[in-house]
Amino acid sequence: MPSKTTSKTPAHPAKAALKASAAASKIALDQAAAPSGTLPAASPNAPANAALDQALAHARSGRMEFMELLDSAGRLTQQGLSEASARLYEQWIENTPSPMRHVACFNWGTVLDALGRAKEAELAYRRALEFSPGFTHALLNLGHQLERQGRHEEALAQWALIAQQPAPNETALELRIHAVNNSARLCEQLRRFEEAEAWLKLSLSLNPVQSGPIQHYVHLRQKQCKWPVYEPVGAVTHYQLLAGTSALAMLSATDDPALHMVAAQRFALERVPKPPLLPLHPAYGPRSGRIKIGYLSGDLHMHAVGLLTAELYELHDRERFEVHAFCWSREDGTPLRARLRAGFDKVWSIGGLTDDLAAQLITSQGIDVLVDLQGLTNGARPAILGKRPAPVQVSYLGFPGTCGIPGVDWVIADRYVMPPELLPYSSERPIYLPDCYQVSDRKRVIGPTPTRAQCGLPEDAFVYCAFNNNFKFTEDVFRSWMRVLHAVPGSVLWLLADNEWAQENMCRAAEDAGVARERLIFAPRVAPPDYLARFQMADLFLDTFPYNGGTTASDVLWMGLPLLTLSGRTYISRMAGSLLTHVGLPDLITTSLAEYERMAIHLGRTPARVASYRRYLREEGRQSVLFDTPRFVRGYEAELERLALQHRRG
C-alpha cells in the first residue's frame, strides 16, 4: 500500500517531486565564436596529460579567453575528466581578472557538485556571488548545495531572495518560479504544509499552467483536510485542478475508475520514457530449472509493503522457485529490514544503478517473473519495467489501481476487488487468486495492551476509530461521521494525529456540524507493535472511502476489531470489502454512503452486536482464509508458475 497510519514511512502519494532548477547544468552561452581545438587531442605523440598540462599552464597565464575556458573544460568533462575540468576552472579563476569570473565560478561549482564535493561546490557558488551579488543561477544552486547538507533554513533563505526579485523578462520569471517551487518542495518534505501551500499559490499566480505545482497543491490540501480540496487558486480553475491531480491523489478524490485510468495514463505519458521496440529479456536465452521470481521495490523496510509481505518471501517453495530482490530500500536498521533481506535468496542493491543498468542486471539473472511492488508511488522506477527485463511482469500491492506503465501486463487481484466491470479501466490484466488478493504476515509483533485511560479514551463511551492516513479523508465521509456521532450519544471518534493543520481543520468541521471538538480524540504515531495493540481499545473501525484501508484493514481485523467499509467501483474502494469477505464478515460491507452511515449508527447503538463480531474475530478470524498465509502463497505461486511456464514453452 502506498501509505500507512503508524510510524511507518508514509508513501507518498505517487507524488512527482517539484523539479529543481538547472542545478547540475552549466549556464548555456552562445559559443558560436568559441575557438575550436583549444585543448589539443591526445595522441600517441602527445599524451593526454601533456595536453592537460598545456591547458592548465594557459589558464595560469591569465591570457586564456573565457570562451576558450568553456570549450576546454567542456571537452574535459565530456571525456570523463571532470577532476581536470575542475582544476582548469580553478586555475583560470585565480589568475584571470575577467568580468566573467562569476560565470566561471558557477560552472566550477556544477563540476564540483557532479564530483560529489558538496562543500567545495558551495564555496564556488559563494565566490560567484562575491563577484556578482545578484547572480540568480548561483543563488539557486547554492540553495541546492545547502539543502543537500541538511541546512534547510539557509537553503530556503537563498531561494527567498530570488522569489522577491522582480522578473523583467521570461528568463528571470522562470528562475523565480524555480526558486518558489524549490521552496514549496522543501517545505512539503519538512512537513511544513501551510508554508508549502503558500509557496505553491505564489507559483501558480506567476504561471497557472504548471502540472507539478497543481499536483502538489491538490495533495497538500488533502493532507491538511482542507475542504473543498479543489479550491481554485488565481487563474487556475477547478477543471485544471482535477485534470492535474496526481494518480495517487486521484485515488482519494474520486471513485470513478475512468478518472483513475486517465491520471495513471498521464503519469506514464509525461514521466515514463518511451520503451524500446525490442524487449531485453530474450538476451538471456532459453530459461530452465527453478522459476526465478524478482521483486522490484524501494519499500522493503519499515513500510506498509514490507510489513505485509515479509512472510511471503519466507514461504516461497525453494524447490520450485528462486527468489530475488532488486531494491533501493533504505537500510533503516530495523529487525523488519533484516528479516526481509533474509527472506530472499539474493538481494541486489540497485539504488546506485541507472534504469538501463538495473534492467540489464535483472535480465542477466534470468528472471522469469518480475513483480513490481512500487507502481506509481514515491520513488518508483517504471522505466526499468518499460525495458521488459523479464518475460512476465506483474504489478502488486504498491499502487492499488491501474498504473498504465508500459511493460506491466498483469496485476494481482481477486474477483471481489476487481470485478468484470472494472476490467476496461485497467491497462493490466488480472491474475485472479483463488482467495483474497492481499497477503498477510502472521508474525507481526504486538505490544502490551494499553488501557483506555492510557490512550486518552473515555471508559464508558462507544469508540469509533479511523486510523487511516488523513489524506484519505473526504469531506462527504467526514460529515457522515459527524452525523454518526450526533446519533450515538457520548460516542467519540479516535483519529490519527497526522499533522496540526488536518487536526485543526477536522475540529472546525466538527464544530460546524454541531459536534464538540472534544469528541475527536487524536492518537500520536507510535511504533508498529504499540499501534497494533491499541486497536483493542476501540469498538468499531470506520473505513475511508473511496481510498479504503489496505494494510490498516488487515491490521484491524488481525487484532479482532470489527471494521465497517463502503465498497465502490474501483480497485482501491473494494480492498477492505475483499478482506471482510475472506475473513467471514461480509455483512460489514456497505455499498452506499447512506447505508454506511445507517450501519455505523446501528452498531453504535447496539454494542452487543459489535461484541458478537469481536468474539467471532477472536475465535475464528485468525483461522480464516484471509490469514492463511501458506494457502495464499500456494495459490499465488501456482499462478506465477503457470505464466512463467507458458512463456518457457513459447
# chains A, B, ... in the order shown; residues from 1 in each chain; ligands from 1
>>> select_by_dssp(residues="range 377-599 of chain A", states="helix (DSSP H, G or I)", output="VMD selection string")
chain A and resid 382 to 386 420 to 425 470 to 472 475 to 487 500 to 512 517 to 519 528 to 537 551 to 558 572 to 583 586 to 588 593 to 599
>>> select_by_dssp(residues="range 261-358 of chain A", states="strand (DSSP E or B)", output="list in words")
Ile291, Lys292, Ile293, Gly294, Tyr295, Leu296, Ser297, Phe321, Glu322, Val323, His324, Ala325, Phe326, Cys327, Lys346, Val347, Trp348 and Ser349 of chain A
>>> write_last_selection(atoms="N, CA, C and O atoms", output="PDB file, in the first residue's frame")
ATOM      1  N   ILE A 291      12.034 -21.705 -11.333  1.00  0.00           N
ATOM      2  CA  ILE A 291      11.491 -20.431 -11.794  1.00  0.00           C
ATOM      3  C   ILE A 291      12.042 -19.310 -10.912  1.00  0.00           C
ATOM      4  O   ILE A 291      12.029 -19.415  -9.683  1.00  0.00           O
ATOM      5  N   LYS A 292      12.529 -18.272 -11.559  1.00  0.00           N
ATOM      6  CA  LYS A 292      13.124 -17.158 -10.828  1.00  0.00           C
ATOM      7  C   LYS A 292      12.121 -16.004 -10.733  1.00  0.00           C
ATOM      8  O   LYS A 292      11.666 -15.486 -11.759  1.00  0.00           O
ATOM      9  N   ILE A 293      11.790 -15.655  -9.486  1.00  0.00           N
ATOM     10  CA  ILE A 293      10.901 -14.522  -9.229  1.00  0.00           C
ATOM     11  C   ILE A 293      11.747 -13.368  -8.724  1.00  0.00           C
ATOM     12  O   ILE A 293      12.559 -13.524  -7.805  1.00  0.00           O
ATOM     13  N   GLY A 294      11.565 -12.200  -9.320  1.00  0.00           N
ATOM     14  CA  GLY A 294      12.252 -10.998  -8.859  1.00  0.00           C
ATOM     15  C   GLY A 294      11.243 -10.000  -8.327  1.00  0.00           C
ATOM     16  O   GLY A 294      10.190  -9.784  -8.936  1.00  0.00           O
ATOM     17  N   TYR A 295      11.545  -9.403  -7.182  1.00  0.00           N
ATOM     18  CA  TYR A 295      10.697  -8.358  -6.606  1.00  0.00           C
ATOM     19  C   TYR A 295      11.414  -7.018  -6.745  1.00  0.00           C
ATOM     20  O   TYR A 295      12.569  -6.874  -6.338  1.00  0.00           O
ATOM     21  N   LEU A 296      10.714  -6.048  -7.331  1.00  0.00           N
ATOM     22  CA  LEU A 296      11.279  -4.733  -7.606  1.00  0.00           C
ATOM     23  C   LEU A 296      10.641  -3.732  -6.650  1.00  0.00           C
ATOM     24  O   LEU A 296       9.428  -3.507  -6.696  1.00  0.00           O
ATOM     25  N   SER A 297      11.451  -3.133  -5.754  1.00  0.00           N
ATOM     26  CA  SER A 297      10.839  -2.253  -4.759  1.00  0.00           C
ATOM     27  C   SER A 297      11.871  -1.380  -4.056  1.00  0.00           C
ATOM     28  O   SER A 297      13.021  -1.782  -3.875  1.00  0.00           O
ATOM     29  N   PHE A 321      11.200 -22.479  -6.775  1.00  0.00           N
ATOM     30  CA  PHE A 321      11.416 -21.062  -7.050  1.00  0.00           C
ATOM     31  C   PHE A 321      12.731 -20.568  -6.443  1.00  0.00           C
ATOM     32  O   PHE A 321      13.137 -21.006  -5.370  1.00  0.00           O
ATOM     33  N   GLU A 322      13.344 -19.646  -7.151  1.00  0.00           N
ATOM     34  CA  GLU A 322      14.491 -18.892  -6.649  1.00  0.00           C
ATOM     35  C   GLU A 322      14.032 -17.436  -6.550  1.00  0.00           C
ATOM     36  O   GLU A 322      13.484 -16.888  -7.512  1.00  0.00           O
ATOM     37  N   VAL A 323      14.252 -16.814  -5.392  1.00  0.00           N
ATOM     38  CA  VAL A 323      13.620 -15.524  -5.107  1.00  0.00           C
ATOM     39  C   VAL A 323      14.675 -14.429  -4.968  1.00  0.00           C
ATOM     40  O   VAL A 323      15.570 -14.515  -4.115  1.00  0.00           O
ATOM     41  N   HIS A 324      14.544 -13.396  -5.807  1.00  0.00           N
ATOM     42  CA  HIS A 324      15.486 -12.276  -5.831  1.00  0.00           C
ATOM     43  C   HIS A 324      14.772 -10.984  -5.434  1.00  0.00           C
ATOM     44  O   HIS A 324      13.586 -10.805  -5.719  1.00  0.00           O
ATOM     45  N   ALA A 325      15.519 -10.091  -4.800  1.00  0.00           N
ATOM     46  CA  ALA A 325      15.041  -8.726  -4.556  1.00  0.00           C
ATOM     47  C   ALA A 325      15.944  -7.766  -5.320  1.00  0.00           C
ATOM     48  O   ALA A 325      17.174  -7.839  -5.207  1.00  0.00           O
ATOM     49  N   PHE A 326      15.329  -6.900  -6.101  1.00  0.00           N
ATOM     50  CA  PHE A 326      16.051  -5.815  -6.764  1.00  0.00           C
ATOM     51  C   PHE A 326      15.529  -4.538  -6.117  1.00  0.00           C
ATOM     52  O   PHE A 326      14.422  -4.086  -6.421  1.00  0.00           O
ATOM     53  N   CYS A 327      16.306  -4.009  -5.189  1.00  0.00           N
ATOM     54  CA  CYS A 327      15.715  -2.958  -4.362  1.00  0.00           C
ATOM     55  C   CYS A 327      16.640  -1.762  -4.181  1.00  0.00           C
ATOM     56  O   CYS A 327      17.852  -1.853  -4.341  1.00  0.00           O
ATOM     57  N   LYS A 346      18.648 -13.972  -3.036  1.00  0.00           N
ATOM     58  CA  LYS A 346      19.656 -12.981  -3.432  1.00  0.00           C
ATOM     59  C   LYS A 346      19.030 -11.588  -3.348  1.00  0.00           C
ATOM     60  O   LYS A 346      17.881 -11.400  -3.759  1.00  0.00           O
ATOM     61  N   VAL A 347      19.790 -10.652  -2.815  1.00  0.00           N
ATOM     62  CA  VAL A 347      19.348  -9.260  -2.736  1.00  0.00           C
ATOM     63  C   VAL A 347      20.312  -8.412  -3.552  1.00  0.00           C
ATOM     64  O   VAL A 347      21.523  -8.394  -3.289  1.00  0.00           O
ATOM     65  N   TRP A 348      19.764  -7.731  -4.541  1.00  0.00           N
ATOM     66  CA  TRP A 348      20.568  -6.873  -5.411  1.00  0.00           C
ATOM     67  C   TRP A 348      20.233  -5.415  -5.102  1.00  0.00           C
ATOM     68  O   TRP A 348      19.099  -4.995  -5.258  1.00  0.00           O
ATOM     69  N   SER A 349      21.225  -4.658  -4.677  1.00  0.00           N
ATOM     70  CA  SER A 349      21.012  -3.241  -4.401  1.00  0.00           C
ATOM     71  C   SER A 349      21.194  -2.463  -5.698  1.00  0.00           C
ATOM     72  O   SER A 349      22.289  -2.449  -6.273  1.00  0.00           O
TER      73      SER A 349
END
>>> atom_distance(atom1="CA of Glu83 in chain A", atom2="CA of Gly134 in chain A")
28.2 Å
>>> residues_around(residues="Ser85 in chain A", least_positions_apart="5", cutoff="8 Å", atoms="only C-alpha atoms", output="short mmCIF file (atom, residue, chain, number, x, y, z; two decimals) with N, CA and C atoms, in the first residue's frame")
data_model
loop_
_atom_site.label_atom_id
_atom_site.label_comp_id
_atom_site.auth_asym_id
_atom_site.auth_seq_id
_atom_site.Cartn_x
_atom_site.Cartn_y
_atom_site.Cartn_z
N SER A 72 37.46 24.24 -23.46
CA SER A 72 38.41 23.27 -22.93
C SER A 72 37.80 22.48 -21.77
N ALA A 73 37.16 23.18 -20.84
CA ALA A 73 36.56 22.50 -19.69
C ALA A 73 35.45 21.56 -20.13
N GLY A 74 34.67 22.00 -21.11
CA GLY A 74 33.59 21.16 -21.61
C GLY A 74 34.10 19.88 -22.23
N LEU A 76 36.93 18.37 -21.54
CA LEU A 76 37.44 17.51 -20.47
C LEU A 76 36.30 16.75 -19.80
N THR A 77 35.23 17.45 -19.52
CA THR A 77 34.09 16.81 -18.86
C THR A 77 33.51 15.72 -19.75
N VAL A 111 30.62 21.47 -11.72
CA VAL A 111 31.54 20.35 -11.89
C VAL A 111 31.86 19.72 -10.54
#
>>> residues_around(residues="range 414-423 of chain A", least_positions_apart="6", cutoff="10 Å", atoms="only C-alpha atoms", output="MDAnalysis selection string")
chainID A and resid 257:258 400:402 429:438 567:579 581:582
>>> write_last_selection(atoms="C-alpha atoms", output="PDB file, in the first residue's frame")
ATOM      1  CA  PRO A 257     -12.387   4.310 -12.490  1.00  0.00           C
ATOM      2  CA  ALA A 258     -12.146   6.342 -15.704  1.00  0.00           C
ATOM      3  CA  PRO A 400      -3.781  -0.314  -5.674  1.00  0.00           C
ATOM      4  CA  GLY A 401      -5.110   0.636  -9.077  1.00  0.00           C
ATOM      5  CA  THR A 402      -4.122   0.651 -12.703  1.00  0.00           C
ATOM      6  CA  ARG A 429      -4.920  -7.982 -16.993  1.00  0.00           C
ATOM      7  CA  PRO A 430      -5.901  -9.560 -13.681  1.00  0.00           C
ATOM      8  CA  ILE A 431      -4.217 -12.604 -12.215  1.00  0.00           C
ATOM      9  CA  TYR A 432      -7.135 -13.839 -10.144  1.00  0.00           C
ATOM     10  CA  LEU A 433      -6.046 -15.583  -6.974  1.00  0.00           C
ATOM     11  CA  PRO A 434      -8.380 -18.234  -5.574  1.00  0.00           C
ATOM     12  CA  ASP A 435      -8.931 -16.291  -2.324  1.00  0.00           C
ATOM     13  CA  CYS A 436      -8.062 -12.749  -1.209  1.00  0.00           C
ATOM     14  CA  TYR A 437      -5.614 -10.695  -3.265  1.00  0.00           C
ATOM     15  CA  GLN A 438      -3.775  -9.462  -0.162  1.00  0.00           C
ATOM     16  CA  SER A 567     -17.265  -0.724  -1.407  1.00  0.00           C
ATOM     17  CA  GLY A 568     -17.439   1.243  -4.636  1.00  0.00           C
ATOM     18  CA  ARG A 569     -16.484   0.942  -8.297  1.00  0.00           C
ATOM     19  CA  THR A 570     -12.677   0.994  -8.107  1.00  0.00           C
ATOM     20  CA  TYR A 571      -9.986  -1.464  -7.036  1.00  0.00           C
ATOM     21  CA  ILE A 572      -8.961   0.749  -4.126  1.00  0.00           C
ATOM     22  CA  SER A 573     -12.529   1.246  -2.892  1.00  0.00           C
ATOM     23  CA  ARG A 574     -13.060  -2.522  -2.726  1.00  0.00           C
ATOM     24  CA  MET A 575      -9.914  -3.578  -0.854  1.00  0.00           C
ATOM     25  CA  ALA A 576     -11.405  -3.707   2.646  1.00  0.00           C
ATOM     26  CA  GLY A 577     -14.511  -5.425   1.267  1.00  0.00           C
ATOM     27  CA  SER A 578     -12.310  -8.202  -0.068  1.00  0.00           C
ATOM     28  CA  LEU A 579     -10.672  -8.607   3.339  1.00  0.00           C
ATOM     29  CA  THR A 581     -15.352 -11.263   2.604  1.00  0.00           C
ATOM     30  CA  HIS A 582     -12.428 -13.597   3.204  1.00  0.00           C
TER      31      HIS A 582
END
>>> residues_around(residues="range 462-469 of chain A", least_positions_apart="5", cutoff="7 Å", atoms="only C-alpha atoms", output="ChimeraX atom specification")
/A:4-5,491-496,538-543,549,552,604
>>> write_last_selection(atoms="all heavy atoms", output="compact mmCIF listing (two decimals), in the first residue's frame")
# COMPACT_ATOMS: atom_id res chain seq x y z
N LYS A 4 0.66 4.42 5.22
CA LYS A 4 0.29 3.70 6.42
C LYS A 4 -0.05 4.68 7.51
O LYS A 4 0.25 5.84 7.45
CB LYS A 4 1.47 2.85 6.87
CG LYS A 4 1.37 1.35 6.81
CD LYS A 4 0.05 0.76 6.81
CE LYS A 4 -0.26 0.19 8.14
NZ LYS A 4 -1.60 0.34 8.51
N THR A 5 -0.64 4.17 8.59
CA THR A 5 -1.12 5.06 9.63
C THR A 5 -0.32 4.97 10.91
O THR A 5 -0.72 5.52 11.91
CB THR A 5 -2.58 4.71 9.94
OG1 THR A 5 -2.64 3.35 10.37
CG2 THR A 5 -3.45 4.89 8.73
N SER A 491 -20.61 9.01 22.14
CA SER A 491 -19.58 8.33 21.34
C SER A 491 -18.46 9.30 20.99
O SER A 491 -18.64 10.53 21.00
CB SER A 491 -20.19 7.75 20.07
OG SER A 491 -20.75 8.77 19.27
N VAL A 492 -17.30 8.74 20.68
CA VAL A 492 -16.15 9.56 20.28
C VAL A 492 -15.53 8.95 19.02
O VAL A 492 -15.75 7.78 18.71
CB VAL A 492 -15.09 9.63 21.40
CG1 VAL A 492 -15.64 10.33 22.63
CG2 VAL A 492 -14.54 8.25 21.75
N LEU A 493 -14.75 9.77 18.33
CA LEU A 493 -14.05 9.33 17.12
C LEU A 493 -12.56 9.44 17.38
O LEU A 493 -12.04 10.53 17.66
CB LEU A 493 -14.46 10.18 15.92
CG LEU A 493 -13.80 9.85 14.58
CD1 LEU A 493 -14.06 8.41 14.17
CD2 LEU A 493 -14.29 10.81 13.49
N TRP A 494 -11.88 8.31 17.29
CA TRP A 494 -10.44 8.22 17.58
C TRP A 494 -9.69 8.28 16.25
O TRP A 494 -9.87 7.42 15.38
CB TRP A 494 -10.18 6.91 18.29
CG TRP A 494 -8.90 6.81 19.05
CD1 TRP A 494 -8.06 7.80 19.44
CD2 TRP A 494 -8.32 5.58 19.53
NE1 TRP A 494 -7.00 7.30 20.14
CE2 TRP A 494 -7.13 5.94 20.22
CE3 TRP A 494 -8.70 4.24 19.47
CZ2 TRP A 494 -6.31 4.99 20.83
CZ3 TRP A 494 -7.89 3.28 20.08
CH2 TRP A 494 -6.71 3.65 20.75
N LEU A 495 -8.84 9.29 16.09
CA LEU A 495 -8.18 9.57 14.82
C LEU A 495 -6.67 9.61 14.97
O LEU A 495 -6.14 9.79 16.08
CB LEU A 495 -8.67 10.92 14.27
CG LEU A 495 -10.17 11.05 14.02
CD1 LEU A 495 -10.58 12.51 13.96
CD2 LEU A 495 -10.54 10.34 12.73
N LEU A 496 -5.99 9.51 13.85
CA LEU A 496 -4.54 9.62 13.83
C LEU A 496 -4.13 11.09 13.82
O LEU A 496 -4.63 11.87 13.00
CB LEU A 496 -3.98 8.92 12.59
CG LEU A 496 -2.47 8.97 12.42
CD1 LEU A 496 -1.77 8.11 13.45
CD2 LEU A 496 -2.08 8.50 11.01
N ALA A 538 -10.64 0.15 20.86
CA ALA A 538 -11.75 0.71 20.09
C ALA A 538 -12.89 -0.29 20.00
O ALA A 538 -12.73 -1.48 20.29
CB ALA A 538 -11.27 1.11 18.70
N ASP A 539 -14.06 0.20 19.59
CA ASP A 539 -15.24 -0.67 19.40
C ASP A 539 -15.50 -0.99 17.93
O ASP A 539 -15.88 -2.11 17.60
CB ASP A 539 -16.47 0.01 20.00
CG ASP A 539 -16.39 0.12 21.51
OD1 ASP A 539 -16.29 -0.92 22.17
OD2 ASP A 539 -16.41 1.26 22.02
N LEU A 540 -15.32 0.00 17.05
CA LEU A 540 -15.62 -0.20 15.63
C LEU A 540 -14.70 0.67 14.80
O LEU A 540 -14.54 1.87 15.08
CB LEU A 540 -17.08 0.16 15.32
CG LEU A 540 -17.53 0.01 13.86
CD1 LEU A 540 -17.51 -1.45 13.43
CD2 LEU A 540 -18.93 0.61 13.67
N PHE A 541 -14.10 0.08 13.77
CA PHE A 541 -13.24 0.84 12.86
C PHE A 541 -14.07 1.31 11.68
O PHE A 541 -14.76 0.52 11.03
CB PHE A 541 -12.08 -0.03 12.36
CG PHE A 541 -11.02 0.75 11.62
CD1 PHE A 541 -9.93 1.26 12.30
CD2 PHE A 541 -11.13 0.99 10.25
CE1 PHE A 541 -8.95 1.99 11.63
CE2 PHE A 541 -10.16 1.71 9.58
CZ PHE A 541 -9.07 2.22 10.27
N LEU A 542 -14.01 2.62 11.40
CA LEU A 542 -14.71 3.21 10.26
C LEU A 542 -13.72 3.38 9.11
O LEU A 542 -12.77 4.17 9.20
CB LEU A 542 -15.32 4.56 10.64
CG LEU A 542 -16.39 4.53 11.74
CD1 LEU A 542 -16.84 5.94 12.09
CD2 LEU A 542 -17.58 3.68 11.31
N ASP A 543 -13.94 2.66 8.03
CA ASP A 543 -13.04 2.72 6.89
C ASP A 543 -13.26 4.00 6.11
O ASP A 543 -14.33 4.63 6.17
CB ASP A 543 -13.29 1.50 5.99
CG ASP A 543 -12.16 1.25 5.01
OD1 ASP A 543 -11.05 1.79 5.23
OD2 ASP A 543 -12.39 0.52 4.03
N GLY A 549 -8.79 1.33 3.52
CA GLY A 549 -7.59 0.84 4.17
C GLY A 549 -7.16 -0.48 3.54
O GLY A 549 -7.99 -1.30 3.16
N THR A 552 -3.80 -1.29 6.81
CA THR A 552 -4.51 -0.92 8.04
C THR A 552 -5.69 -1.85 8.29
O THR A 552 -5.91 -2.32 9.40
CB THR A 552 -5.00 0.53 7.97
OG1 THR A 552 -3.88 1.39 7.74
CG2 THR A 552 -5.68 0.94 9.25
N GLY A 604 -23.32 1.44 16.70
CA GLY A 604 -23.03 2.25 17.87
C GLY A 604 -24.11 2.16 18.93
O GLY A 604 -23.84 2.29 20.13
>>> atom_distance(atom1="CA of Leu315 in chain A", atom2="CA of Glu637 in chain A")
10.2 Å
>>> closest_residue(among="A:Phe545, A:Phe267, A:Tyr230, A:Tyr396", to="Thr254 in chain A", atoms="only C-alpha atoms")
A:Phe545
>>> residues_around(residues="Gly306 in chain A", least_positions_apart="2", cutoff="10 Å", atoms="only C-alpha atoms", output="list in words")
Met1, Lys8, Ser297, Gly298, Asp299, Leu300, His301, Met302, His303, Ala304, Leu308, Thr309, Ala310, Glu311, Ser329, Leu336, Arg337, Arg339, Leu340, Leu373 and Asp441 of chain A
>>> atom_distance(atom1="CA of Tyr613 in chain A", atom2="CA of Thr449 in chain A")
19.6 Å
